[in-house]
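Visitor: Please find structure39.cif (mmCIF, C-alpha atoms) on the next line:
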```
data_final
loop_
_atom_site.label_atom_id
_atom_site.label_comp_id
_atom_site.auth_asym_id
_atom_site.auth_seq_id
_atom_site.Cartn_x
_atom_site.Cartn_y
_atom_site.Cartn_z
CA MET V 1 -42.98 -166.34 -74.50
CA SER V 2 -43.06 -168.64 -71.59
CA ASP V 3 -42.87 -165.72 -69.17
CA SER V 4 -45.78 -163.93 -70.82
CA LYS V 5 -47.89 -167.08 -70.76
CA LYS V 6 -47.14 -167.48 -67.09
CA ARG V 7 -48.22 -163.90 -66.43
CA LYS V 8 -51.46 -164.47 -68.34
CA ARG V 9 -52.20 -167.61 -66.40
CA ASN V 10 -51.44 -165.84 -63.13
CA CYS V 11 -53.56 -162.74 -63.79
CA PRO V 12 -57.01 -164.35 -63.38
CA LYS V 13 -55.92 -165.90 -60.09
CA PHE V 14 -54.61 -162.54 -58.87
CA GLU V 15 -57.85 -160.77 -59.76
CA GLN V 16 -59.92 -163.47 -58.12
CA LYS V 17 -57.88 -163.18 -54.97
CA ASN V 18 -58.36 -159.42 -54.86
CA GLY V 19 -62.05 -159.83 -55.55
CA GLN V 20 -62.39 -162.10 -52.56
CA LYS V 21 -60.67 -159.57 -50.35
CA LYS V 22 -62.91 -156.75 -51.49
CA LYS V 23 -65.96 -158.87 -50.87
CA SER V 24 -64.87 -159.57 -47.29
CA LYS V 25 -64.32 -155.86 -46.69
CA LYS V 26 -67.85 -155.06 -47.80
CA SER V 27 -69.30 -157.73 -45.57
CA SER V 28 -67.36 -156.41 -42.57
CA ALA V 29 -68.58 -152.90 -43.33
CA ARG V 30 -72.17 -154.12 -43.28
CA LYS V 31 -71.60 -155.71 -39.89
CA ASP V 32 -70.25 -152.43 -38.50
CA GLN V 33 -73.42 -150.62 -39.58
CA THR V 34 -75.69 -152.92 -37.61
CA PRO V 35 -77.68 -150.87 -35.03
CA THR V 36 -76.66 -151.46 -31.43
CA VAL V 37 -78.02 -150.48 -28.05
CA ASP V 38 -75.35 -147.75 -27.86
CA ASN V 39 -77.47 -145.30 -29.81
CA TYR V 40 -80.72 -145.81 -27.86
CA ASP V 41 -82.38 -145.09 -31.22
CA SER V 42 -85.09 -147.71 -31.40
CA LYS V 43 -88.32 -146.75 -33.15
CA SER V 44 -90.50 -148.55 -30.64
CA GLU V 45 -88.58 -148.62 -27.36
CA GLY V 46 -87.85 -145.57 -25.24
CA ARG V 47 -85.30 -144.85 -22.55
CA THR V 48 -86.64 -143.81 -19.17
CA PHE V 49 -83.42 -143.69 -17.14
CA THR V 50 -81.16 -140.61 -17.15
CA VAL V 51 -77.48 -139.80 -16.71
CA THR V 52 -76.40 -136.56 -14.99
CA VAL V 53 -72.90 -135.08 -14.74
CA ALA V 54 -72.05 -132.56 -12.00
CA LEU V 55 -68.81 -130.59 -12.17
CA PRO V 56 -67.47 -127.35 -10.64
CA GLY V 57 -67.35 -124.20 -12.73
CA CYS V 58 -64.03 -123.22 -11.16
CA ILE V 59 -62.22 -125.19 -13.88
CA ILE V 60 -62.88 -122.24 -16.19
CA ALA V 61 -60.88 -119.92 -13.92
CA ASN V 62 -57.69 -121.87 -14.65
CA ALA V 63 -57.82 -121.05 -18.38
CA GLN V 64 -55.65 -118.02 -19.15
CA SER V 65 -57.66 -116.28 -21.88
CA PRO V 66 -61.29 -115.93 -23.01
CA GLU V 67 -60.52 -118.04 -26.06
CA LEU V 68 -59.16 -120.91 -23.94
CA LYS V 69 -62.06 -120.63 -21.49
CA THR V 70 -64.51 -120.95 -24.37
CA TYR V 71 -62.65 -123.85 -25.94
CA LEU V 72 -62.59 -125.69 -22.60
CA ALA V 73 -66.36 -125.32 -22.27
CA GLY V 74 -66.71 -126.61 -25.83
CA GLN V 75 -64.69 -129.74 -25.01
CA ILE V 76 -67.00 -130.47 -22.09
CA ALA V 77 -70.12 -129.97 -24.22
CA ARG V 78 -68.78 -132.37 -26.86
CA ALA V 79 -68.05 -135.06 -24.25
CA LEU V 80 -71.53 -134.73 -22.73
CA THR V 81 -73.17 -135.12 -26.14
CA VAL V 82 -71.02 -138.02 -27.35
CA PHE V 83 -71.94 -140.10 -24.29
CA ASN V 84 -75.66 -139.20 -24.20
CA VAL V 85 -75.64 -137.22 -20.93
CA ASP V 86 -79.15 -135.92 -20.17
CA GLU V 87 -78.35 -133.27 -17.54
CA VAL V 88 -75.29 -131.27 -16.57
CA VAL V 89 -75.06 -129.42 -13.26
CA VAL V 90 -72.45 -126.71 -12.74
CA PHE V 91 -71.89 -126.25 -9.00
CA SER V 92 -69.84 -123.72 -7.08
CA GLU V 93 -66.88 -125.32 -5.33
CA ASN V 94 -67.17 -123.00 -2.32
CA GLY V 95 -70.90 -123.60 -1.90
CA GLU V 96 -71.83 -119.92 -2.28
CA PRO V 97 -75.31 -119.14 -3.71
CA PHE V 98 -75.60 -117.41 -7.07
CA ASN V 99 -78.46 -115.03 -6.25
CA ASN V 100 -79.83 -115.13 -9.81
CA ILE V 101 -76.54 -113.83 -11.21
CA PHE V 102 -77.19 -115.89 -14.35
CA ASN V 103 -80.02 -113.58 -15.45
CA GLY V 104 -78.57 -110.60 -17.31
CA ALA V 105 -75.15 -110.83 -15.69
CA ARG V 106 -72.40 -108.90 -17.46
CA ARG V 107 -69.40 -109.90 -15.38
CA THR V 108 -67.76 -113.21 -16.14
CA ASP V 109 -68.30 -115.59 -13.23
CA PRO V 110 -66.61 -118.95 -13.99
CA ASN V 111 -69.69 -120.99 -13.05
CA VAL V 112 -72.04 -118.78 -15.05
CA PHE V 113 -69.62 -118.63 -17.98
CA LEU V 114 -69.48 -122.43 -18.26
CA CYS V 115 -73.23 -122.78 -17.87
CA ARG V 116 -73.93 -120.18 -20.56
CA ILE V 117 -71.58 -121.76 -23.11
CA LEU V 118 -73.05 -125.21 -22.46
CA GLN V 119 -76.57 -123.90 -22.98
CA TYR V 120 -75.58 -122.06 -26.14
CA LEU V 121 -73.97 -125.09 -27.76
CA GLU V 122 -76.87 -127.39 -26.85
CA THR V 123 -79.36 -125.05 -28.54
CA PRO V 124 -80.01 -125.76 -32.25
CA GLN V 125 -78.34 -123.20 -34.50
CA TYR V 126 -81.58 -121.78 -35.93
CA LEU V 127 -82.81 -120.87 -32.41
CA ARG V 128 -79.71 -119.18 -30.98
CA ARG V 129 -80.35 -115.69 -32.30
CA ALA V 130 -83.84 -115.66 -30.78
CA LEU V 131 -82.88 -117.16 -27.40
CA PHE V 132 -79.47 -115.59 -26.68
CA LYS V 133 -78.67 -111.91 -26.50
CA ILE V 134 -75.23 -110.53 -27.30
CA HIS V 135 -72.98 -111.20 -24.30
CA PRO V 136 -69.21 -111.07 -23.68
CA ASP V 137 -69.22 -114.74 -22.63
CA LEU V 138 -70.38 -115.74 -26.11
CA ARG V 139 -67.81 -113.70 -28.02
CA TYR V 140 -65.81 -116.74 -29.18
CA ALA V 141 -68.59 -119.34 -29.11
CA GLY V 142 -68.85 -119.26 -32.89
CA LEU V 143 -65.37 -120.80 -33.17
CA LEU V 144 -66.35 -123.98 -31.31
CA ASN V 145 -67.00 -127.33 -32.95
CA PRO V 146 -70.72 -128.10 -33.36
CA LEU V 147 -72.26 -130.83 -31.24
CA ASP V 148 -74.07 -132.45 -34.18
CA ALA V 149 -76.71 -133.74 -31.77
CA PRO V 150 -79.86 -135.51 -33.06
CA HIS V 151 -82.04 -132.47 -32.31
CA HIS V 152 -79.75 -130.13 -34.30
CA LEU V 153 -81.72 -130.59 -37.50
CA SER V 154 -81.46 -128.84 -40.85
CA LYS V 155 -84.49 -127.72 -42.85
CA ASN V 156 -84.19 -130.85 -45.02
CA SER V 157 -83.98 -133.30 -42.11
CA ASP V 158 -86.92 -135.66 -41.69
CA SER V 159 -87.88 -135.96 -38.02
CA ILE V 160 -91.15 -136.21 -36.16
CA TYR V 161 -89.69 -134.10 -33.32
CA ARG V 162 -88.18 -130.62 -33.55
CA GLU V 163 -87.04 -127.92 -31.17
CA GLY V 164 -88.66 -124.54 -31.70
CA VAL V 165 -89.18 -121.04 -30.34
CA VAL V 166 -92.60 -119.37 -30.07
CA LEU V 167 -93.00 -116.38 -32.39
CA LYS V 168 -94.71 -113.09 -31.65
CA THR V 169 -98.09 -113.13 -33.41
CA ASN V 170 -101.45 -111.38 -33.02
CA LEU V 171 -103.76 -114.31 -33.53
CA GLU V 172 -107.38 -113.65 -32.58
CA SER V 173 -108.07 -117.36 -32.12
CA GLU V 174 -106.33 -119.72 -29.75
CA GLY V 175 -103.00 -120.91 -31.05
CA SER V 176 -99.37 -119.95 -31.68
CA TYR V 177 -96.79 -120.11 -34.42
CA VAL V 178 -93.43 -121.73 -33.71
CA ASN V 179 -90.14 -121.54 -35.60
CA VAL V 180 -88.96 -125.14 -35.87
CA GLY V 181 -86.24 -124.61 -38.46
CA LEU V 182 -88.46 -125.36 -41.47
CA PRO V 183 -89.23 -123.02 -44.41
CA LYS V 184 -92.77 -122.60 -43.03
CA LYS V 185 -93.87 -121.79 -39.50
CA CYS V 186 -95.45 -124.53 -37.41
CA PHE V 187 -98.93 -123.94 -35.94
CA VAL V 188 -99.87 -125.30 -32.51
CA GLU V 189 -103.27 -125.01 -30.90
CA GLN V 190 -101.92 -123.93 -27.51
CA LYS V 191 -101.54 -120.25 -26.64
CA LEU V 192 -97.88 -119.85 -25.63
CA ASP V 193 -95.66 -117.02 -24.47
CA SER V 194 -93.39 -115.66 -27.18
CA ASP V 195 -89.62 -116.33 -27.19
CA THR V 196 -90.17 -119.60 -25.30
CA ARG V 197 -88.28 -122.71 -26.34
CA VAL V 198 -90.51 -125.75 -26.81
CA THR V 199 -90.30 -129.30 -28.12
CA ILE V 200 -92.75 -129.97 -30.95
CA LYS V 201 -94.12 -133.27 -32.21
CA LEU V 202 -95.10 -132.69 -35.83
CA ASP V 203 -98.35 -133.95 -37.33
CA LYS V 204 -97.19 -135.87 -40.39
CA THR V 205 -100.79 -136.53 -41.52
CA SER V 206 -101.54 -132.84 -42.09
CA SER V 207 -100.78 -131.10 -45.39
CA GLN V 208 -99.81 -127.99 -43.43
CA VAL V 209 -97.02 -127.65 -40.86
CA LYS V 210 -98.81 -128.44 -37.60
CA GLY V 211 -97.80 -130.01 -34.33
CA ARG V 212 -98.28 -130.10 -30.60
CA VAL V 213 -96.07 -129.22 -27.65
CA VAL V 214 -94.57 -132.14 -25.73
CA LYS V 215 -92.15 -132.44 -22.85
CA HIS V 216 -88.44 -132.14 -23.57
CA SER V 217 -88.01 -135.74 -22.39
CA HIS V 218 -90.71 -137.07 -24.75
CA PRO V 219 -88.36 -138.08 -27.63
CA ARG V 220 -86.13 -139.96 -25.18
CA LYS V 221 -88.93 -141.73 -23.30
CA LYS V 222 -91.06 -142.65 -26.31
CA ARG V 223 -88.52 -143.24 -29.09
CA GLY V 224 -85.21 -143.65 -27.27
CA LEU V 225 -83.75 -140.59 -29.01
CA TYR V 226 -81.00 -138.62 -27.35
CA TRP V 227 -82.40 -135.08 -27.24
CA GLY V 228 -79.59 -133.03 -25.76
CA TYR V 229 -78.87 -132.08 -22.16
CA THR V 230 -80.44 -129.64 -19.74
CA THR V 231 -78.23 -127.25 -17.77
CA ARG V 232 -78.61 -125.82 -14.29
CA LEU V 233 -76.53 -124.09 -11.61
CA ALA V 234 -76.20 -125.41 -8.04
CA SER V 235 -74.73 -124.01 -4.83
CA GLY V 236 -72.15 -126.60 -3.90
CA ILE V 237 -72.50 -130.38 -3.90
CA GLU V 238 -75.49 -130.20 -1.59
CA GLY V 239 -77.32 -128.01 -4.11
CA VAL V 240 -76.89 -130.68 -6.76
CA PHE V 241 -79.00 -133.10 -4.68
CA THR V 242 -81.55 -130.62 -3.35
CA GLY V 243 -82.21 -129.15 -6.80
CA CYS V 244 -82.74 -132.51 -8.50
CA PRO V 245 -85.60 -132.17 -11.04
CA PHE V 246 -86.72 -135.79 -10.66
CA LYS V 247 -89.51 -136.65 -8.25
CA HIS V 248 -87.62 -139.24 -6.20
CA GLY V 249 -84.16 -137.72 -6.66
CA TYR V 250 -81.04 -139.50 -7.84
CA ASP V 251 -81.07 -143.15 -6.84
CA LEU V 252 -77.38 -143.69 -7.64
CA SER V 253 -74.57 -141.19 -7.03
CA ILE V 254 -70.95 -141.74 -8.07
CA GLY V 255 -67.94 -139.72 -6.98
CA THR V 256 -64.61 -139.88 -8.81
CA SER V 257 -61.12 -139.65 -7.34
CA GLU V 258 -57.69 -141.23 -7.65
CA ARG V 259 -58.32 -142.64 -4.15
CA GLY V 260 -61.51 -144.44 -5.17
CA GLU V 261 -62.31 -148.02 -6.07
CA ASN V 262 -60.76 -149.34 -9.28
CA VAL V 263 -63.64 -149.31 -11.75
CA GLN V 264 -61.69 -151.18 -14.44
CA SER V 265 -61.55 -154.29 -12.30
CA THR V 266 -63.48 -157.25 -13.68
CA GLU V 267 -65.29 -157.55 -10.34
CA PHE V 268 -66.75 -154.01 -10.50
CA LYS V 269 -70.46 -153.82 -11.27
CA LEU V 270 -72.83 -150.89 -11.40
CA PRO V 271 -76.15 -151.19 -9.53
CA LYS V 272 -79.32 -150.74 -11.53
CA PHE V 273 -80.54 -147.16 -11.52
CA ARG V 274 -83.23 -144.84 -12.80
CA HIS V 275 -81.39 -141.55 -12.33
CA LEU V 276 -77.59 -141.62 -12.16
CA VAL V 277 -75.46 -138.63 -11.15
CA VAL V 278 -71.67 -138.62 -11.63
CA PHE V 279 -69.55 -136.04 -9.78
CA VAL V 280 -66.31 -134.79 -11.31
CA GLY V 281 -63.96 -132.72 -9.16
CA GLY V 282 -62.00 -129.59 -9.98
CA PRO V 283 -58.23 -129.02 -9.92
CA ALA V 284 -58.05 -129.96 -6.21
CA GLY V 285 -60.55 -132.83 -6.46
CA LEU V 286 -63.85 -133.41 -4.70
CA GLU V 287 -62.03 -133.26 -1.36
CA ASN V 288 -61.76 -129.48 -1.73
CA CYS V 289 -65.50 -128.94 -2.22
CA ILE V 290 -67.45 -127.43 0.67
CA VAL V 291 -70.65 -129.20 1.63
CA ARG V 292 -72.26 -127.18 4.40
CA ASP V 293 -71.40 -124.78 7.23
CA LYS V 294 -68.10 -123.88 5.52
CA GLU V 295 -66.73 -127.34 6.27
CA LYS V 296 -64.68 -129.12 3.63
CA LEU V 297 -65.51 -132.59 2.48
CA LYS V 298 -62.99 -134.67 4.46
CA ASP V 299 -64.25 -138.08 3.39
CA PRO V 300 -65.98 -137.83 -0.02
CA SER V 301 -66.69 -141.57 -0.16
CA ALA V 302 -69.25 -141.19 2.64
CA LEU V 303 -71.33 -138.81 0.51
CA PHE V 304 -71.71 -141.02 -2.58
CA ASP V 305 -73.09 -144.49 -3.21
CA ARG V 306 -69.94 -145.44 -5.12
CA PHE V 307 -66.52 -143.77 -5.03
CA ILE V 308 -64.45 -144.83 -8.03
CA ASN V 309 -61.09 -144.39 -9.73
CA VAL V 310 -61.34 -144.70 -13.52
CA CYS V 311 -57.62 -144.42 -14.32
CA GLU V 312 -55.51 -146.73 -12.20
CA ASN V 313 -51.73 -146.17 -12.33
CA GLN V 314 -52.01 -142.89 -14.24
CA GLY V 315 -48.83 -141.69 -15.92
CA SER V 316 -49.36 -137.98 -15.24
CA GLY V 317 -49.43 -136.52 -11.75
CA THR V 318 -52.68 -134.70 -12.55
CA ILE V 319 -55.61 -135.31 -14.86
CA ARG V 320 -57.41 -132.22 -16.04
CA THR V 321 -61.18 -132.13 -15.56
CA GLU V 322 -61.96 -132.15 -19.29
CA GLU V 323 -59.66 -135.18 -19.67
CA ALA V 324 -61.13 -136.93 -16.64
CA LEU V 325 -64.64 -136.39 -17.96
CA LEU V 326 -63.86 -138.26 -21.19
CA VAL V 327 -62.19 -141.12 -19.31
CA ILE V 328 -65.02 -141.40 -16.77
CA LEU V 329 -67.80 -141.43 -19.34
CA SER V 330 -66.01 -143.87 -21.64
CA VAL V 331 -65.40 -146.32 -18.77
CA LEU V 332 -68.98 -146.05 -17.47
CA HIS V 333 -70.56 -146.20 -20.94
CA PRO V 334 -70.69 -150.02 -21.25
CA LEU V 335 -72.10 -150.24 -17.71
CA VAL V 336 -74.82 -147.76 -18.67
CA ARG V 337 -75.58 -149.88 -21.74
CA ARG V 338 -76.16 -152.89 -19.51
CA ASN V 339 -78.56 -150.80 -17.46
CA ALA V 340 -80.44 -149.98 -20.68
CA ILE V 341 -80.81 -153.67 -21.51
CA HIS V 342 -82.03 -154.38 -17.96
CA PHE V 343 -84.71 -151.69 -18.27
CA ARG V 344 -85.93 -153.02 -21.61
CA ASN V 345 -86.12 -156.59 -20.35
CA ASN V 346 -87.97 -155.71 -17.14
CA GLY V 347 -90.22 -152.94 -18.46
CA PHE V 348 -89.32 -150.36 -15.83
CA CYS V 349 -90.78 -146.90 -16.31
CA ASP V 350 -90.12 -143.49 -14.80
#
```
Show me the file's structure as structure tokens.
Guide:
Amino acid sequence: MSDSKKRKRNCPKFEQKNGQKKKSKKSSARKDQTPTVDNYDSKSEGRTFTVTVALPGCIIANAQSPELKTYLAGQIARALTVFNVDEVVVFSENGEPFNNIFNGARRTDPNVFLCRILQYLETPQYLRRALFKIHPDLRYAGLLNPLDAPHHLSKNSDSIYREGVVLKTNLESEGSYVNVGLPKKCFVEQKLDSDTRVTIKLDKTSSQVKGRVVKHSHPRKKRGLYWGYTTRLASGIEGVFTGCPFKHGYDLSIGTSERGENVQSTEFKLPKFRHLVVFVGGPAGLENCIVRDKEKLKDPSALFDRFINVCENQGSGTIRTEEALLVILSVLHPLVRRNAIHFRNNGFCD
């Protein structure tokens, strides 16, 4: 009897103790859901600075089968999306020009292969059939993990911005219809070429599906939304700089190597930037890349503003490019966040 009474007296205390623990777990969960500057997803503040990653397409040549080549490209696409990279440049390590090989090419060039897979994965699923023809490079692309990027919207997703492709129509008046992944076609007043990918800002005040064409960077600049990455090919490292799409070029360039400055040091700081470009080397590093006149890059540090090492005292003798990309972006991510705060506080614009 005494034991049962003791158990009864102890039960309320035990339940109260558990209840307190559960309550603390809920409060910690609410703290974790608090929006941070990581997402750049403010309704009123945009993001005008950009982050570019440049890497050689020769890394694809090391994969031993088409399936592994495709999976490697998928790993790179996932890393670019996770860390909000706005542009990816695939450059040839030997500096040779491509001569428009990307358009309609049937043979599998490593640089073109990587570029095509990256473009395919960045495109929303409902646009891929219209924008990509059947090609050997895309044979195993359906097996890759989706990027789940903010612009990969379903028909039930509520967003003021959507990616679309212009449809073939015979409208007598000015205007075009665009497939934006909704049950109904979107009408825009501009006359556009068919099979063209566009970014649409929907008119929420209209009872019909209407919108207007905006720049691809509009969601990022006006709302701070990450809206995928653009992809381009470049002839060597020099082509990365000369083909820069920004008016004043990249104002901060970073090269990566095991012989660079230790970026994990507490004394390391990243200068403020508007357009950052990060170079990742291939199997032989950036030292093996040819710059001009068939001369190899003897001293890579002289070409970049900062030359860094993101993995001091590495355990393995080599770090694969897809592994290095994740390490580089994860180490630089908090520094990029500080740059975002600096831009918001000072009101810089592009």
Visitor: Pick out the residues sitting within 12 Å of Asn313 (chain V), and hand them over as a list in words; count all atoms listed in the file, and ignore anything fewer than 3 positions along from it in its own chain.
Guide: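 Once the nearby chain positions are removed, what remains is Glu258, Arg259, Asn262, Gln264, Asn309, Val310, Ser316, Gly317, Thr318 and Ile319 of chain V.
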Visitor: Between V:Val82, V:Cys244, V:Val51, V:Leu325, single out the one closest to Arg232 (chain V), counting only C-alpha atoms.
Guide: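 Smallest separation from Arg232 (chain V) among the options: V:Cys244.
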Visitor: Between CA of Asn145 (chain V) and CA of Phe83 (chain V), measure the distance and give it in Å to one decimal.
Guide: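 Computing the Euclidean distance for CA of Asn145 (chain V) and CA of Phe83 (chain V) yields 16.2 Å.
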Visitor: Residues at most 12 Å from Thr123 (chain V), counting only C-alpha atoms, excluding those fewer than 3 positions away in the same chain, as a ChimeraX atom specification?
Guide: /V:77,116-120,126-132,146-153,162-165,197-199,227-231
Visitor: Show which residues sit within 12 Å of Lys269 (chain V), as a list in words. Count all atoms listed in the file, and ignore same-chain residues fewer than 5 positions away.
Guide: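 Near neighbours after the sequence-gap exclusion: Glu261, Asn262, Val263, Gln264, Arg306, Ile308, Val331, Leu332, Pro334, Leu335, Val336, Arg338 and Asn339 of chain V.
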Visitor: Once the PyMOL selection byres ((chain V and resi 154-158) around 8) has been evaluated on this model, what residues remain selected, and can you format them as an mmCIF file with C-alpha atoms, in the coordinates of the input?
Guide:
```cif
data_model
loop_
_atom_site.group_PDB
_atom_site.id
_atom_site.type_symbol
_atom_site.label_atom_id
_atom_site.label_comp_id
_atom_site.auth_asym_id
_atom_site.auth_seq_id
_atom_site.Cartn_x
_atom_site.Cartn_y
_atom_site.Cartn_z
ATOM 1 C CA HIS V 152 -79.750 -130.130 -34.300
ATOM 2 C CA LEU V 153 -81.720 -130.590 -37.500
ATOM 3 C CA SER V 159 -87.880 -135.960 -38.020
ATOM 4 C CA ILE V 160 -91.150 -136.210 -36.160
ATOM 5 C CA GLY V 181 -86.240 -124.610 -38.460
ATOM 6 C CA LEU V 182 -88.460 -125.360 -41.470
ATOM 7 C CA PRO V 183 -89.230 -123.020 -44.410
#
```
Visitor: Excluding Gly281 (chain V) and residues on its chain fewer than 6 positions from it, collect all residues at most 8 Å away from it, counting all atoms listed in the file, and give them as a list in words.
Guide: Leu55, Pro56, Thr256, Ser257 and Thr321 of chain V
Visitor: Calculate how many Å separate CA of Thr50 (chain V) from CA of Ala302 (chain V), rounding to one decimal.
Guide: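 So the two atoms, CA of Thr50 (chain V) and CA of Ala302 (chain V), lie 23.1 Å apart.
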Visitor: Would you list the residues near (-77.0, -144.9, -11.3), meaning any protein, DNA or RNA residue with an atom at most 8 Å from that point in file coordinates, counting all atoms listed in the file, as a list in words?
Guide: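 The residues near that point, listed by chain and number, are Val51, Tyr250, Asp251, Leu252, Ser253, Ile254, Leu270, Pro271, Lys272, Phe273, Arg274, His275, Leu276 and Val277 of chain V.
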Visitor: So what do you get for CA of Phe307 (chain V) versus CA of Lys221 (chain V), distance-wise?
Guide: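 Computing the Euclidean distance for CA of Phe307 (chain V) and CA of Lys221 (chain V) yields 29.0 Å.
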Visitor: So what does the PyMOL selection byres ((chain V and resi 169) around 12) actually pick up in this one, as a ChimeraX atom specification?
Guide: /V:166-168,170-179,185,187,191-195
Visitor: Which residue gives the smallest distance to Ala141 (chain V) among V:Leu225, V:Val327, V:Leu114, V:Ile237, with all atoms listed in the file counted?
Guide: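 Selected residue with least distance to Ala141 (chain V): V:Leu114.
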Visitor: For each of V:Arg139, V:Val240, V:Ser206, V:Tyr226, take the minimum atom-to-atom distance to Arg47 (chain V), counting all atoms listed in the file, then give the residue where this is smallest.
Guide: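 The closest residue to Arg47 (chain V) is V:Tyr226.
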Visitor: I'd like to see the residues matched by the PyMOL selection byres ((chain V and resi 69-73) around 10) on this file, and ideally I'd get them as JSON, numbers by chain.
Guide: {"V": [57, 59, 60, 61, 62, 63, 64, 65, 66, 67, 68, 74, 75, 76, 77, 78, 110, 113, 114, 115, 116, 117, 118, 121, 137, 138, 139, 140, 141, 142, 143, 144, 145, 321, 322]}
Visitor: Kindly complete region 174-180 of chain V to all heavy atoms; the output should be written as a PDB file, in the coordinates of the input.
Guide:
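Printed below is out32.pdb as written:
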```pdb
ATOM      1  N   GLU V 174    -107.307-119.034 -30.568  1.00  0.00           N
ATOM      2  CA  GLU V 174    -106.330-119.720 -29.750  1.00  0.00           C
ATOM      3  C   GLU V 174    -105.296-120.408 -30.649  1.00  0.00           C
ATOM      4  O   GLU V 174    -105.643-121.048 -31.627  1.00  0.00           O
ATOM      5  CB  GLU V 174    -107.012-120.746 -28.852  1.00  0.00           C
ATOM      6  CG  GLU V 174    -107.828-120.141 -27.726  1.00  0.00           C
ATOM      7  CD  GLU V 174    -106.960-119.434 -26.705  1.00  0.00           C
ATOM      8  OE1 GLU V 174    -105.831-119.913 -26.470  1.00  0.00           O
ATOM      9  OE2 GLU V 174    -107.408-118.422 -26.150  1.00  0.00           O
ATOM     10  N   GLY V 175    -104.046-120.275 -30.277  1.00  0.00           N
ATOM     11  CA  GLY V 175    -103.000-120.910 -31.050  1.00  0.00           C
ATOM     12  C   GLY V 175    -101.757-120.048 -31.122  1.00  0.00           C
ATOM     13  O   GLY V 175    -101.777-118.858 -30.772  1.00  0.00           O
ATOM     14  N   SER V 176    -100.654-120.641 -31.564  1.00  0.00           N
ATOM     15  CA  SER V 176     -99.370-119.950 -31.680  1.00  0.00           C
ATOM     16  C   SER V 176     -98.616-120.496 -32.879  1.00  0.00           C
ATOM     17  O   SER V 176     -98.853-121.612 -33.332  1.00  0.00           O
ATOM     18  CB  SER V 176     -98.534-120.116 -30.404  1.00  0.00           C
ATOM     19  OG  SER V 176     -99.253-119.732 -29.256  1.00  0.00           O
ATOM     20  N   TYR V 177     -97.693-119.679 -33.368  1.00  0.00           N
ATOM     21  CA  TYR V 177     -96.790-120.110 -34.420  1.00  0.00           C
ATOM     22  C   TYR V 177     -95.390-120.308 -33.818  1.00  0.00           C
ATOM     23  O   TYR V 177     -94.947-119.516 -32.991  1.00  0.00           O
ATOM     24  CB  TYR V 177     -96.732-119.094 -35.559  1.00  0.00           C
ATOM     25  CG  TYR V 177     -97.914-119.184 -36.499  1.00  0.00           C
ATOM     26  CD1 TYR V 177     -98.940-118.241 -36.453  1.00  0.00           C
ATOM     27  CD2 TYR V 177     -98.006-120.222 -37.428  1.00  0.00           C
ATOM     28  CE1 TYR V 177    -100.031-118.329 -37.318  1.00  0.00           C
ATOM     29  CE2 TYR V 177     -99.087-120.316 -38.287  1.00  0.00           C
ATOM     30  CZ  TYR V 177    -100.089-119.366 -38.232  1.00  0.00           C
ATOM     31  OH  TYR V 177    -101.156-119.464 -39.081  1.00  0.00           O
ATOM     32  N   VAL V 178     -94.732-121.363 -34.269  1.00  0.00           N
ATOM     33  CA  VAL V 178     -93.430-121.730 -33.710  1.00  0.00           C
ATOM     34  C   VAL V 178     -92.430-121.894 -34.855  1.00  0.00           C
ATOM     35  O   VAL V 178     -92.738-122.521 -35.881  1.00  0.00           O
ATOM     36  CB  VAL V 178     -93.522-123.049 -32.907  1.00  0.00           C
ATOM     37  CG1 VAL V 178     -92.165-123.413 -32.313  1.00  0.00           C
ATOM     38  CG2 VAL V 178     -94.574-122.942 -31.809  1.00  0.00           C
ATOM     39  N   ASN V 179     -91.246-121.330 -34.664  1.00  0.00           N
ATOM     40  CA  ASN V 179     -90.140-121.540 -35.600  1.00  0.00           C
ATOM     41  C   ASN V 179     -89.442-122.826 -35.237  1.00  0.00           C
ATOM     42  O   ASN V 179     -88.802-122.932 -34.201  1.00  0.00           O
ATOM     43  CB  ASN V 179     -89.170-120.363 -35.541  1.00  0.00           C
ATOM     44  CG  ASN V 179     -87.915-120.602 -36.375  1.00  0.00           C
ATOM     45  OD1 ASN V 179     -87.910-121.428 -37.292  1.00  0.00           O
ATOM     46  ND2 ASN V 179     -86.852-119.876 -36.064  1.00  0.00           N
ATOM     47  N   VAL V 180     -89.563-123.833 -36.113  1.00  0.00           N
ATOM     48  CA  VAL V 180     -88.960-125.140 -35.870  1.00  0.00           C
ATOM     49  C   VAL V 180     -87.845-125.439 -36.864  1.00  0.00           C
ATOM     50  O   VAL V 180     -87.452-126.598 -37.040  1.00  0.00           O
ATOM     51  CB  VAL V 180     -90.024-126.256 -35.907  1.00  0.00           C
ATOM     52  CG1 VAL V 180     -90.973-126.138 -34.732  1.00  0.00           C
ATOM     53  CG2 VAL V 180     -90.767-126.253 -37.236  1.00  0.00           C
TER      54      VAL V 180
END
```
